[in-house]
2 protein chains.
Amino acid sequence: MKETNRQIVLASRPQGKVTSANFRLVETPVPELKEGQVLVRNHFLSVDPYMRSRMDDAKSYAAAQEIDVVMGGGTVGVVVESRNPAFATGQNVVGMLGWQLYGIDNGTNLRVIDTTHIPMSAYLGVVGMPGATAWYGLNKIIAPKAGETVVVSAASGAVGSVVGQLAKRQGCRAVGIAGGEEKCRAVVEEFGFDACVDYKAGNLYQDLKAATPKGIDGVFENVGGECFETALARMNPFGRVALCGLIAGYNGQEIPLRNVRSILMNRLMVRGFIVSDHLELWPQALGEIGMLVATGALKYRETVAQGLEQAPEAFIGLLSGRNFGKQVVKLI
Amino acid sequence: MKETNRQIVLASRPQGKVTSANFRLVETPVPELKEGQVLVRNHFLSVDPYMRSRMDDAKSYAAAQEIDVVMGGGTVGVVVESRNPAFATGQNVVGMLGWQLYGIDNGTNLRVIDTTHIPMSAYLGVVGMPGATAWYGLNKIIAPKAGETVVVSAASGAVGSVVGQLAKRQGCRAVGIAGGEEKCRAVVEEFGFDACVDYKAGNLYQDLKAATPKGIDGVFENVGGECFETALARMNPFGRVALCGLIAGYNGQEIPLRNVRSILMNRLMVRGFIVSDHLELWPQALGEIGMLVATGALKYRETVAQGLEQAPEAFIGLLSGRNFGKQVVKLI
């Protein structure tokens, strides 16, 4: 007798802000496995800003999330049944099984993980997609030289906190932008950034200027809007911008960008990217980051919501910056 | 007894739109040459969009134009006196002698030109800075593959008309954006673009969509504002934007850019550039273009204003698109 699966599906596309009414909890039986399939009991699921784009029907880098289908997303869990010789019951695996207690995969999207020195949930964050994102944008787009100044928005987040720490290890001045005193303090004291500017303090340009006395050479942009245009105003010639996210505009409103002129005047290079285009680099990226995490050299934070039914609220909170570090949902 | 020089100096910085009151015509004696100097009688002077940025006191890629000093800019002319062994009376030279009848240089900024197959004025346009700009942005930033679609704004201009012709020679679909039916017709019939969209017709998005059935892979952006954001809305994944000018915002008003989201979603690369950063490539660029011009394979147009005192009006007209092709001022 199979367990009952519980899933959160997309009930409707958001009109502007995401609300809990856009989601629906459903119960379904866990189906019998077919030859080659693996059944995973998810322990953690990931909520990430990119999911907001998928909820719209508009053109995006990811295919749109379909209505009445389980919300897609990264998961870590344990194999509870396997009809695939590559996977054994009891193995810890990371995958893309979505917002549900149980997921089935043919194995191509599952990877066995070692949780000896790295906790399971970290494979959704610092040693997962967000970590690889930080690594790629910093090393392959900004490519900073020692002594340069790198600015990171959403600096206390899953991606931003890694960007700043990696930049520091390369001899850069790392400056964060985050929302609120508490986050800013942690960005400096816990993640070791040289400075962090509170965009909620209402003095963004002057504060960023003070924190970047030699201007800005690289921007890792997660937010867009005012953060992005203020950073543009402080750029040095030949600066690079890794455009990773525009979370400030994810709730539907288009935020026009001022200071485009800086791209021309300072001969900047601005490149949008999505880390899943560069899967071939993940082993290198996550190998380097995993080593730093396992030895304690790279810090990270998580915000853990408890229970599948909390996933929508955790996601909504993420979009308004209520989380601190990687937002995950614990299912067990 | 020396001739009297006539010069146009910057009288005041523009508040918003440039007006003729921002300039003043002055007469000064032509000074005696010092050892090593060359006296040039200018035949043509160049007016270019970049000069608008220099008229402001704000940070720009070029040093600000100083008040009461002769307006800087490219010139072609004839050596009328030389105390420099590298230059002889009667030689044709291109230089940066500014808005005046006579200019003096120590020779480091002068280059002897061959006008056998290429008219003198073309060294200010297609075989000069605008041509090198077109070549650099197309080849070093957009770097299109055969079969890709390249869109060029200000397509009938000195830079844009070259971009499209070079793109066509590389097997691309070249689509222009220009203002008015007459310019658009010439872009297609004279410069050989596959299509040209009239931004003044009031239907820019739909018209650009129709002209780019396979989307856009490369944008050579001279204008900014609506042209730029409309092109962004048609970009294919991994498209490249060479940001060469933002003439739509040169009169002081900041035009915020919508569709920044496309940079992220389509993983675009947007790079601002200024061709004087890349002087090492000018010989290659102008060698290739010069050959095409001399053999008639590359077309260009000029708008010629007559007389030094017309330079301010020619420049003001350029900023509002009244010229067609390269705007020069004939001094003799």
# chains A, B, ... in the order shown; residues from 1 in each chain; ligands from 1
call {"tool": "select_by_dssp", "arguments": {"residues": "range 194-239 of chain B", "states": "alpha helix (DSSP H)", "output": "PyMOL selection string"}}
result
chain B and resi 204-211+225-232
call {"tool": "write_last_selection", "arguments": {"atoms": "C-alpha atoms", "output": "PDB file, in the first residue's frame"}}
result
ATOM      1  CA  LEU B 204       7.641  50.863 -34.357  1.00  0.00           C
ATOM      2  CA  TYR B 205       7.126  47.548 -32.604  1.00  0.00           C
ATOM      3  CA  GLN B 206       4.821  46.045 -35.221  1.00  0.00           C
ATOM      4  CA  ASP B 207       6.939  47.318 -38.088  1.00  0.00           C
ATOM      5  CA  LEU B 208      10.152  46.038 -36.536  1.00  0.00           C
ATOM      6  CA  LYS B 209       8.506  42.711 -35.837  1.00  0.00           C
ATOM      7  CA  ALA B 210       7.489  42.396 -39.477  1.00  0.00           C
ATOM      8  CA  ALA B 211      11.020  43.272 -40.601  1.00  0.00           C
ATOM      9  CA  GLY B 225      15.115  55.420 -25.961  1.00  0.00           C
ATOM     10  CA  GLU B 226      12.228  53.859 -27.840  1.00  0.00           C
ATOM     11  CA  CYS B 227      14.413  52.422 -30.615  1.00  0.00           C
ATOM     12  CA  PHE B 228      16.546  50.541 -28.128  1.00  0.00           C
ATOM     13  CA  GLU B 229      13.723  49.190 -25.999  1.00  0.00           C
ATOM     14  CA  THR B 230      11.752  48.082 -29.028  1.00  0.00           C
ATOM     15  CA  ALA B 231      14.755  46.202 -30.383  1.00  0.00           C
ATOM     16  CA  LEU B 232      15.225  44.580 -26.962  1.00  0.00           C
TER      17      LEU B 232
END
call {"tool": "interface_residues", "arguments": {"of": "chain A", "to": "chain B", "cutoff": "8 Å", "atoms": "only C-alpha atoms", "output": "PyMOL selection string"}}
result
chain A and resi 59-61+243-246+254-261+263-274
call {"tool": "calpha_fit_and_write", "arguments": {"fixed": "chain A", "moving": "chain B", "output": "CSV table (one decimal) with C-alpha atoms, in the first residue's frame"}}
result
chain,number,residue,atom,x,y,z
B,1,MET,CA,-0.1,0.0,0.0
B,2,LYS,CA,1.5,3.2,-1.2
B,3,GLU,CA,1.8,6.4,0.7
B,4,THR,CA,-0.3,9.4,-0.3
B,5,ASN,CA,1.6,12.1,-2.0
B,6,ARG,CA,0.9,15.8,-1.2
B,7,GLN,CA,1.7,18.4,-3.9
B,8,ILE,CA,1.4,22.1,-4.4
B,9,VAL,CA,0.2,23.0,-7.8
B,10,LEU,CA,-0.1,26.3,-9.6
B,11,ALA,CA,-3.8,27.2,-9.4
B,12,SER,CA,-3.7,30.5,-11.3
B,13,ARG,CA,-1.2,32.9,-12.8
B,14,PRO,CA,-0.6,36.0,-10.5
B,15,GLN,CA,-2.0,39.3,-11.5
B,16,GLY,CA,0.9,41.4,-10.2
B,17,LYS,CA,1.8,40.2,-6.7
B,18,VAL,CA,1.9,36.5,-6.0
B,19,THR,CA,-0.7,35.5,-3.3
B,20,SER,CA,-1.4,32.2,-1.6
B,21,ALA,CA,-4.5,31.9,-3.8
B,22,ASN,CA,-2.3,31.2,-6.8
B,23,PHE,CA,-1.5,27.8,-5.3
B,24,ARG,CA,-3.5,24.8,-4.3
B,25,LEU,CA,-2.5,21.8,-2.2
B,26,VAL,CA,-3.6,18.4,-3.6
B,27,GLU,CA,-3.3,14.8,-2.5
B,28,THR,CA,-2.7,12.0,-5.0
B,29,PRO,CA,-1.6,8.4,-4.6
B,30,VAL,CA,2.0,7.7,-5.2
B,31,PRO,CA,2.0,5.7,-8.4
B,32,GLU,CA,3.7,2.3,-8.9
B,33,LEU,CA,7.2,2.7,-10.3
B,34,LYS,CA,7.9,1.7,-13.9
B,35,GLU,CA,11.1,0.0,-15.0
B,36,GLY,CA,14.0,2.5,-14.7
B,37,GLN,CA,12.3,4.8,-12.3
B,38,VAL,CA,13.3,6.0,-8.9
B,39,LEU,CA,11.0,7.1,-6.1
B,40,VAL,CA,12.4,9.9,-3.8
B,41,ARG,CA,11.0,11.1,-0.5
B,42,ASN,CA,11.9,14.8,-0.6
B,43,HIS,CA,13.4,16.2,2.6
B,44,PHE,CA,13.8,19.8,1.5
B,45,LEU,CA,12.5,21.8,-1.4
B,46,SER,CA,13.9,25.0,-2.8
B,47,VAL,CA,12.0,28.2,-3.5
B,48,ASP,CA,13.9,30.6,-5.8
B,49,PRO,CA,13.3,34.0,-7.4
B,50,TYR,CA,13.4,32.5,-10.9
B,51,MET,CA,10.1,30.7,-10.2
B,52,ARG,CA,8.3,34.0,-10.3
B,53,SER,CA,9.1,34.4,-14.0
B,54,ARG,CA,7.9,30.9,-14.7
B,55,MET,CA,4.5,31.7,-13.2
B,56,ASP,CA,3.8,34.1,-16.0
B,57,ASP,CA,2.8,33.0,-19.4
B,58,ALA,CA,5.3,35.4,-21.0
B,59,LYS,CA,8.5,34.5,-22.7
B,60,SER,CA,11.2,33.7,-20.3
B,61,TYR,CA,14.4,31.6,-20.2
B,62,ALA,CA,12.5,28.9,-18.5
B,63,ALA,CA,9.4,27.3,-19.9
B,64,ALA,CA,6.2,28.5,-18.2
B,65,GLN,CA,4.9,26.7,-15.2
B,66,GLU,CA,1.8,24.9,-16.3
B,67,ILE,CA,-1.5,25.4,-14.4
B,68,ASP,CA,-2.7,22.5,-12.2
B,69,VAL,CA,0.7,21.0,-12.4
B,70,VAL,CA,3.0,20.6,-9.4
B,71,MET,CA,5.3,23.6,-9.0
B,72,GLY,CA,8.7,22.8,-10.4
B,73,GLY,CA,11.9,23.3,-8.4
B,74,GLY,CA,15.0,21.8,-6.8
B,75,THR,CA,14.7,19.2,-4.1
B,76,VAL,CA,16.9,17.0,-1.9
B,77,GLY,CA,15.8,13.7,-0.5
B,78,VAL,CA,16.3,10.0,0.0
B,79,VAL,CA,15.6,7.2,-2.4
B,80,VAL,CA,12.9,5.1,-1.0
B,81,GLU,CA,12.4,2.7,-3.9
B,82,SER,CA,14.4,2.1,-7.1
B,83,ARG,CA,13.8,0.2,-10.3
B,84,ASN,CA,16.9,1.8,-11.7
B,85,PRO,CA,20.3,0.1,-11.2
B,86,ALA,CA,22.1,3.4,-10.8
B,87,PHE,CA,20.2,4.2,-7.6
B,88,ALA,CA,19.8,2.3,-4.4
B,89,THR,CA,17.3,2.7,-1.5
B,90,GLY,CA,18.7,5.0,1.2
B,91,GLN,CA,20.9,7.1,-1.1
B,92,ASN,CA,20.7,10.9,-0.7
B,93,VAL,CA,19.9,12.6,-4.0
B,94,VAL,CA,19.5,16.1,-5.4
B,95,GLY,CA,17.0,16.7,-8.2
B,96,MET,CA,14.2,18.8,-9.6
B,97,LEU,CA,11.2,17.0,-8.2
B,98,GLY,CA,9.2,20.1,-7.3
B,99,TRP,CA,6.9,21.1,-4.5
B,100,GLN,CA,5.7,17.7,-3.3
B,101,LEU,CA,6.5,15.0,-0.7
B,102,TYR,CA,7.4,12.3,-3.2
B,103,GLY,CA,8.9,12.6,-6.6
B,104,ILE,CA,9.5,10.1,-9.4
B,105,ASP,CA,12.4,10.4,-11.8
B,106,ASN,CA,14.0,8.2,-14.4
B,107,GLY,CA,17.3,9.1,-12.9
B,108,THR,CA,18.6,11.5,-15.5
B,109,ASN,CA,17.9,14.5,-13.3
B,110,LEU,CA,19.1,12.9,-10.1
B,111,ARG,CA,22.5,13.1,-8.6
B,112,VAL,CA,23.8,11.2,-5.5
B,113,ILE,CA,25.2,13.6,-2.9
B,114,ASP,CA,27.6,13.1,0.0
B,115,THR,CA,26.3,14.6,3.2
B,116,THR,CA,29.2,13.6,5.4
B,117,HIS,CA,30.6,17.1,5.6
B,118,ILE,CA,27.9,19.1,3.9
B,119,PRO,CA,24.3,19.1,5.1
B,120,MET,CA,21.6,18.0,2.7
B,121,SER,CA,19.9,21.3,2.5
B,122,ALA,CA,23.1,23.1,1.4
B,123,TYR,CA,22.8,21.2,-2.0
B,124,LEU,CA,19.9,23.5,-2.7
B,125,GLY,CA,21.9,26.6,-1.9
B,126,VAL,CA,25.5,27.3,-1.5
B,127,VAL,CA,26.6,23.9,-3.0
B,128,GLY,CA,23.7,24.0,-5.6
B,129,MET,CA,22.2,26.2,-8.2
B,130,PRO,CA,22.6,29.5,-6.2
B,131,GLY,CA,26.3,28.7,-5.5
B,132,ALA,CA,27.0,27.8,-9.1
B,133,THR,CA,25.2,31.0,-10.1
B,134,ALA,CA,27.5,33.1,-7.9
B,135,TRP,CA,30.6,31.3,-9.2
B,136,TYR,CA,29.7,31.7,-12.8
B,137,GLY,CA,28.7,35.4,-12.7
B,138,LEU,CA,31.7,36.4,-10.7
B,139,ASN,CA,34.3,34.4,-12.5
B,140,LYS,CA,33.0,34.2,-16.1
B,141,ILE,CA,31.4,37.7,-16.4
B,142,ILE,CA,32.9,40.1,-13.9
B,143,ALA,CA,36.2,38.3,-13.8
B,144,PRO,CA,37.6,40.7,-11.3
B,145,LYS,CA,41.3,41.5,-10.7
B,146,ALA,CA,42.7,41.8,-7.2
B,147,GLY,CA,42.1,45.3,-5.8
B,148,GLU,CA,39.0,45.9,-7.8
B,149,THR,CA,35.6,46.7,-6.2
B,150,VAL,CA,32.7,44.3,-6.6
B,151,VAL,CA,29.2,45.3,-5.6
B,152,VAL,CA,26.5,42.7,-5.0
B,153,SER,CA,22.8,43.4,-4.5
B,154,ALA,CA,20.7,41.0,-2.4
B,155,ALA,CA,24.0,40.5,-0.6
B,156,SER,CA,22.6,38.4,2.2
B,157,GLY,CA,20.9,36.1,-0.2
B,158,ALA,CA,21.8,32.6,-1.3
B,159,VAL,CA,23.6,33.9,-4.3
B,160,GLY,CA,24.9,37.3,-3.1
B,161,SER,CA,26.5,36.0,0.0
B,162,VAL,CA,28.6,33.6,-2.0
B,163,VAL,CA,29.6,36.2,-4.6
B,164,GLY,CA,31.0,38.5,-2.0
B,165,GLN,CA,33.0,35.8,-0.2
B,166,LEU,CA,34.5,34.5,-3.5
B,167,ALA,CA,35.3,38.1,-4.5
B,168,LYS,CA,37.1,38.7,-1.2
B,169,ARG,CA,39.1,35.5,-1.7
B,170,GLN,CA,40.3,36.9,-5.0
B,171,GLY,CA,41.6,40.1,-3.3
B,172,CYS,CA,38.7,42.4,-4.2
B,173,ARG,CA,36.8,44.9,-2.1
B,174,ALA,CA,33.4,43.3,-1.7
B,175,VAL,CA,30.5,45.7,-1.0
B,176,GLY,CA,27.0,44.4,-0.5
B,177,ILE,CA,23.6,46.0,-0.8
B,178,ALA,CA,20.9,44.5,1.4
B,179,GLY,CA,17.6,45.5,3.0
B,180,GLY,CA,17.7,46.4,6.7
B,181,GLU,CA,20.3,46.8,9.4
B,182,GLU,CA,20.3,43.2,10.5
B,183,LYS,CA,21.0,41.9,7.1
B,184,CYS,CA,23.7,44.5,6.5
B,185,ARG,CA,25.4,43.7,9.7
B,186,ALA,CA,25.5,40.0,8.9
B,187,VAL,CA,26.8,40.6,5.4
B,188,VAL,CA,29.8,42.3,7.0
B,189,GLU,CA,30.3,40.4,10.2
B,190,GLU,CA,29.3,36.9,9.1
B,191,PHE,CA,30.1,36.8,5.4
B,192,GLY,CA,33.1,39.1,5.7
B,193,PHE,CA,32.2,41.8,3.1
B,194,ASP,CA,34.1,45.0,3.5
B,195,ALA,CA,30.9,47.0,3.6
B,196,CYS,CA,27.2,46.7,3.2
B,197,VAL,CA,24.7,49.4,2.2
B,198,ASP,CA,21.1,49.3,3.5
B,199,TYR,CA,18.9,50.3,0.6
B,200,LYS,CA,16.0,50.8,3.0
B,201,ALA,CA,17.8,53.6,4.8
B,202,GLY,CA,16.8,56.0,2.0
B,203,ASN,CA,20.2,57.3,1.2
B,204,LEU,CA,21.4,54.7,-1.3
B,205,TYR,CA,23.5,56.8,-3.6
B,206,GLN,CA,25.4,58.6,-0.9
B,207,ASP,CA,25.9,55.4,1.1
B,208,LEU,CA,27.1,53.4,-1.9
B,209,LYS,CA,29.4,56.3,-2.8
B,210,ALA,CA,30.9,56.2,0.7
B,211,ALA,CA,31.3,52.4,0.5
B,212,THR,CA,33.0,52.5,-2.9
B,213,PRO,CA,35.6,55.3,-2.7
B,214,LYS,CA,37.5,54.0,-5.7
B,215,GLY,CA,34.3,53.5,-7.8
B,216,ILE,CA,32.9,50.1,-8.9
B,217,ASP,CA,34.5,47.7,-11.3
B,218,GLY,CA,32.0,44.8,-11.1
B,219,VAL,CA,28.4,44.5,-10.3
B,220,PHE,CA,26.6,41.3,-9.5
B,221,GLU,CA,23.0,42.4,-10.0
B,222,ASN,CA,20.2,40.4,-8.4
B,223,VAL,CA,17.6,43.1,-7.9
B,224,GLY,CA,17.4,45.7,-10.6
B,225,GLY,CA,15.5,48.9,-10.3
B,226,GLU,CA,17.1,51.5,-7.9
B,227,CYS,CA,19.9,49.2,-6.8
B,228,PHE,CA,21.0,48.7,-10.4
B,229,GLU,CA,20.8,52.3,-11.5
B,230,THR,CA,22.6,53.5,-8.4
B,231,ALA,CA,25.4,51.1,-9.0
B,232,LEU,CA,25.6,52.2,-12.6
B,233,ALA,CA,26.2,55.8,-11.4
B,234,ARG,CA,29.4,54.7,-9.6
B,235,MET,CA,30.9,52.5,-12.3
B,236,ASN,CA,34.5,52.9,-13.4
B,237,PRO,CA,35.5,52.7,-17.0
B,238,PHE,CA,35.4,49.2,-18.5
B,239,GLY,CA,33.3,47.8,-15.6
B,240,ARG,CA,31.4,44.6,-15.9
B,241,VAL,CA,27.8,43.8,-14.8
B,242,ALA,CA,26.6,40.2,-14.3
B,243,LEU,CA,22.8,40.5,-14.6
B,244,CYS,CA,21.5,37.6,-12.7
B,245,GLY,CA,18.1,38.7,-11.5
B,246,LEU,CA,15.6,41.6,-11.5
B,247,ILE,CA,13.7,40.6,-8.5
B,248,ALA,CA,12.5,44.2,-8.0
B,249,GLY,CA,10.4,43.8,-11.1
B,250,TYR,CA,9.2,40.3,-10.6
B,251,ASN,CA,5.8,41.2,-9.4
B,252,GLY,CA,4.7,42.3,-12.8
B,253,GLN,CA,5.5,46.0,-12.8
B,254,GLU,CA,8.2,47.0,-15.4
B,255,ILE,CA,10.9,49.2,-13.7
B,256,PRO,CA,12.5,51.4,-16.3
B,257,LEU,CA,16.3,51.7,-15.9
B,258,ARG,CA,17.9,55.1,-15.6
B,259,ASN,CA,21.6,55.7,-16.1
B,260,VAL,CA,21.8,53.6,-19.3
B,261,ARG,CA,24.1,56.4,-20.3
B,262,SER,CA,26.7,55.1,-17.9
B,263,ILE,CA,26.9,51.9,-20.0
B,264,LEU,CA,28.0,54.0,-22.9
B,265,MET,CA,30.1,56.6,-21.2
B,266,ASN,CA,32.0,54.1,-19.1
B,267,ARG,CA,32.1,51.4,-21.9
B,268,LEU,CA,30.5,48.9,-19.6
B,269,MET,CA,29.8,45.3,-20.4
B,270,VAL,CA,26.4,44.1,-19.1
B,271,ARG,CA,25.6,40.4,-19.6
B,272,GLY,CA,22.5,38.6,-18.6
B,273,PHE,CA,22.9,35.0,-17.7
B,274,ILE,CA,21.2,31.9,-16.4
B,275,VAL,CA,23.4,29.3,-14.9
B,276,SER,CA,21.6,26.3,-16.4
B,277,ASP,CA,23.1,27.4,-19.8
B,278,HIS,CA,26.4,26.4,-18.4
B,279,LEU,CA,26.0,23.0,-16.9
B,280,GLU,CA,29.4,22.0,-18.1
B,281,LEU,CA,30.9,24.3,-15.5
B,282,TRP,CA,28.9,23.1,-12.5
B,283,PRO,CA,31.3,20.3,-11.5
B,284,GLN,CA,34.2,22.8,-11.3
B,285,ALA,CA,32.1,25.5,-9.6
B,286,LEU,CA,30.5,23.2,-7.0
B,287,GLY,CA,33.7,21.3,-6.5
B,288,GLU,CA,35.5,24.5,-5.5
B,289,ILE,CA,32.6,25.8,-3.4
B,290,GLY,CA,31.9,22.4,-1.8
B,291,MET,CA,35.5,22.2,-0.6
B,292,LEU,CA,35.2,25.7,1.0
B,293,VAL,CA,32.0,24.8,2.7
B,294,ALA,CA,33.2,21.5,4.0
B,295,THR,CA,36.2,23.2,5.5
B,296,GLY,CA,34.2,26.1,7.0
B,297,ALA,CA,35.9,28.7,4.8
B,298,LEU,CA,32.7,29.7,3.1
B,299,LYS,CA,29.7,30.8,5.3
B,300,TYR,CA,26.1,30.5,4.4
B,301,ARG,CA,22.7,31.0,6.0
B,302,GLU,CA,19.4,29.4,5.5
B,303,THR,CA,15.9,30.3,6.3
B,304,VAL,CA,13.9,27.1,6.8
B,305,ALA,CA,10.1,27.0,6.5
B,306,GLN,CA,8.5,23.9,8.1
B,307,GLY,CA,6.1,21.8,6.1
B,308,LEU,CA,5.0,21.6,2.5
B,309,GLU,CA,1.9,23.8,3.1
B,310,GLN,CA,4.3,26.6,4.0
B,311,ALA,CA,6.0,26.6,0.6
B,312,PRO,CA,3.8,29.3,-1.0
B,313,GLU,CA,4.2,31.7,2.0
B,314,ALA,CA,8.0,31.0,2.0
B,315,PHE,CA,8.1,31.9,-1.7
B,316,ILE,CA,6.0,35.0,-1.2
B,317,GLY,CA,8.3,36.1,1.6
B,318,LEU,CA,11.4,35.5,-0.6
B,319,LEU,CA,10.0,37.8,-3.2
B,320,SER,CA,9.7,40.6,-0.7
B,321,GLY,CA,13.0,39.9,1.0
B,322,ARG,CA,11.7,38.4,4.3
B,323,ASN,CA,14.1,35.5,4.2
B,324,PHE,CA,17.8,35.6,5.2
B,325,GLY,CA,20.1,33.5,3.0
B,326,LYS,CA,18.8,30.5,1.1
B,327,GLN,CA,15.1,29.9,1.6
B,328,VAL,CA,14.2,26.2,1.8
B,329,VAL,CA,11.2,24.3,2.9
B,330,LYS,CA,11.7,21.3,5.2
B,331,LEU,CA,9.3,18.5,4.5
B,332,ILE,CA,10.2,15.9,7.2
call {"tool": "select_by_dssp", "arguments": {"residues": "range 41-226 of chain B", "states": "strand (DSSP E or B)", "output": "ChimeraX atom specification"}}
result
/B:41-46,70,75-82,92-95,100,102-105,111-112,149-153,173-178,195-198,216-221
call {"tool": "decode", "arguments": {"residues": "range 96-117 of chain B", "atoms": "C-alpha atoms", "output": "PDB file, in the first residue's frame"}}
result
ATOM      1  CA  MET B  96      41.538  66.992 -34.914  1.00  0.00           C
ATOM      2  CA  LEU B  97      41.936  70.708 -35.441  1.00  0.00           C
ATOM      3  CA  GLY B  98      38.407  71.740 -34.524  1.00  0.00           C
ATOM      4  CA  TRP B  99      35.916  74.299 -35.780  1.00  0.00           C
ATOM      5  CA  GLN B 100      38.252  76.819 -37.348  1.00  0.00           C
ATOM      6  CA  LEU B 101      39.716  77.770 -40.703  1.00  0.00           C
ATOM      7  CA  TYR B 102      43.322  77.234 -39.694  1.00  0.00           C
ATOM      8  CA  GLY B 103      44.771  74.791 -37.208  1.00  0.00           C
ATOM      9  CA  ILE B 104      48.218  74.201 -35.803  1.00  0.00           C
ATOM     10  CA  ASP B 105      49.487  70.817 -34.712  1.00  0.00           C
ATOM     11  CA  ASN B 106      52.856  69.379 -33.727  1.00  0.00           C
ATOM     12  CA  GLY B 107      52.180  66.549 -36.147  1.00  0.00           C
ATOM     13  CA  THR B 108      51.350  63.803 -33.677  1.00  0.00           C
ATOM     14  CA  ASN B 109      47.636  64.087 -34.418  1.00  0.00           C
ATOM     15  CA  LEU B 110      47.967  64.541 -38.175  1.00  0.00           C
ATOM     16  CA  ARG B 111      47.913  61.783 -40.769  1.00  0.00           C
ATOM     17  CA  VAL B 112      48.628  62.242 -44.475  1.00  0.00           C
ATOM     18  CA  ILE B 113      45.768  60.934 -46.627  1.00  0.00           C
ATOM     19  CA  ASP B 114      45.552  59.767 -50.221  1.00  0.00           C
ATOM     20  CA  THR B 115      42.710  61.441 -52.076  1.00  0.00           C
ATOM     21  CA  THR B 116      43.316  59.746 -55.423  1.00  0.00           C
ATOM     22  CA  HIS B 117      40.384  57.353 -55.110  1.00  0.00           C
TER      23      HIS B 117
END
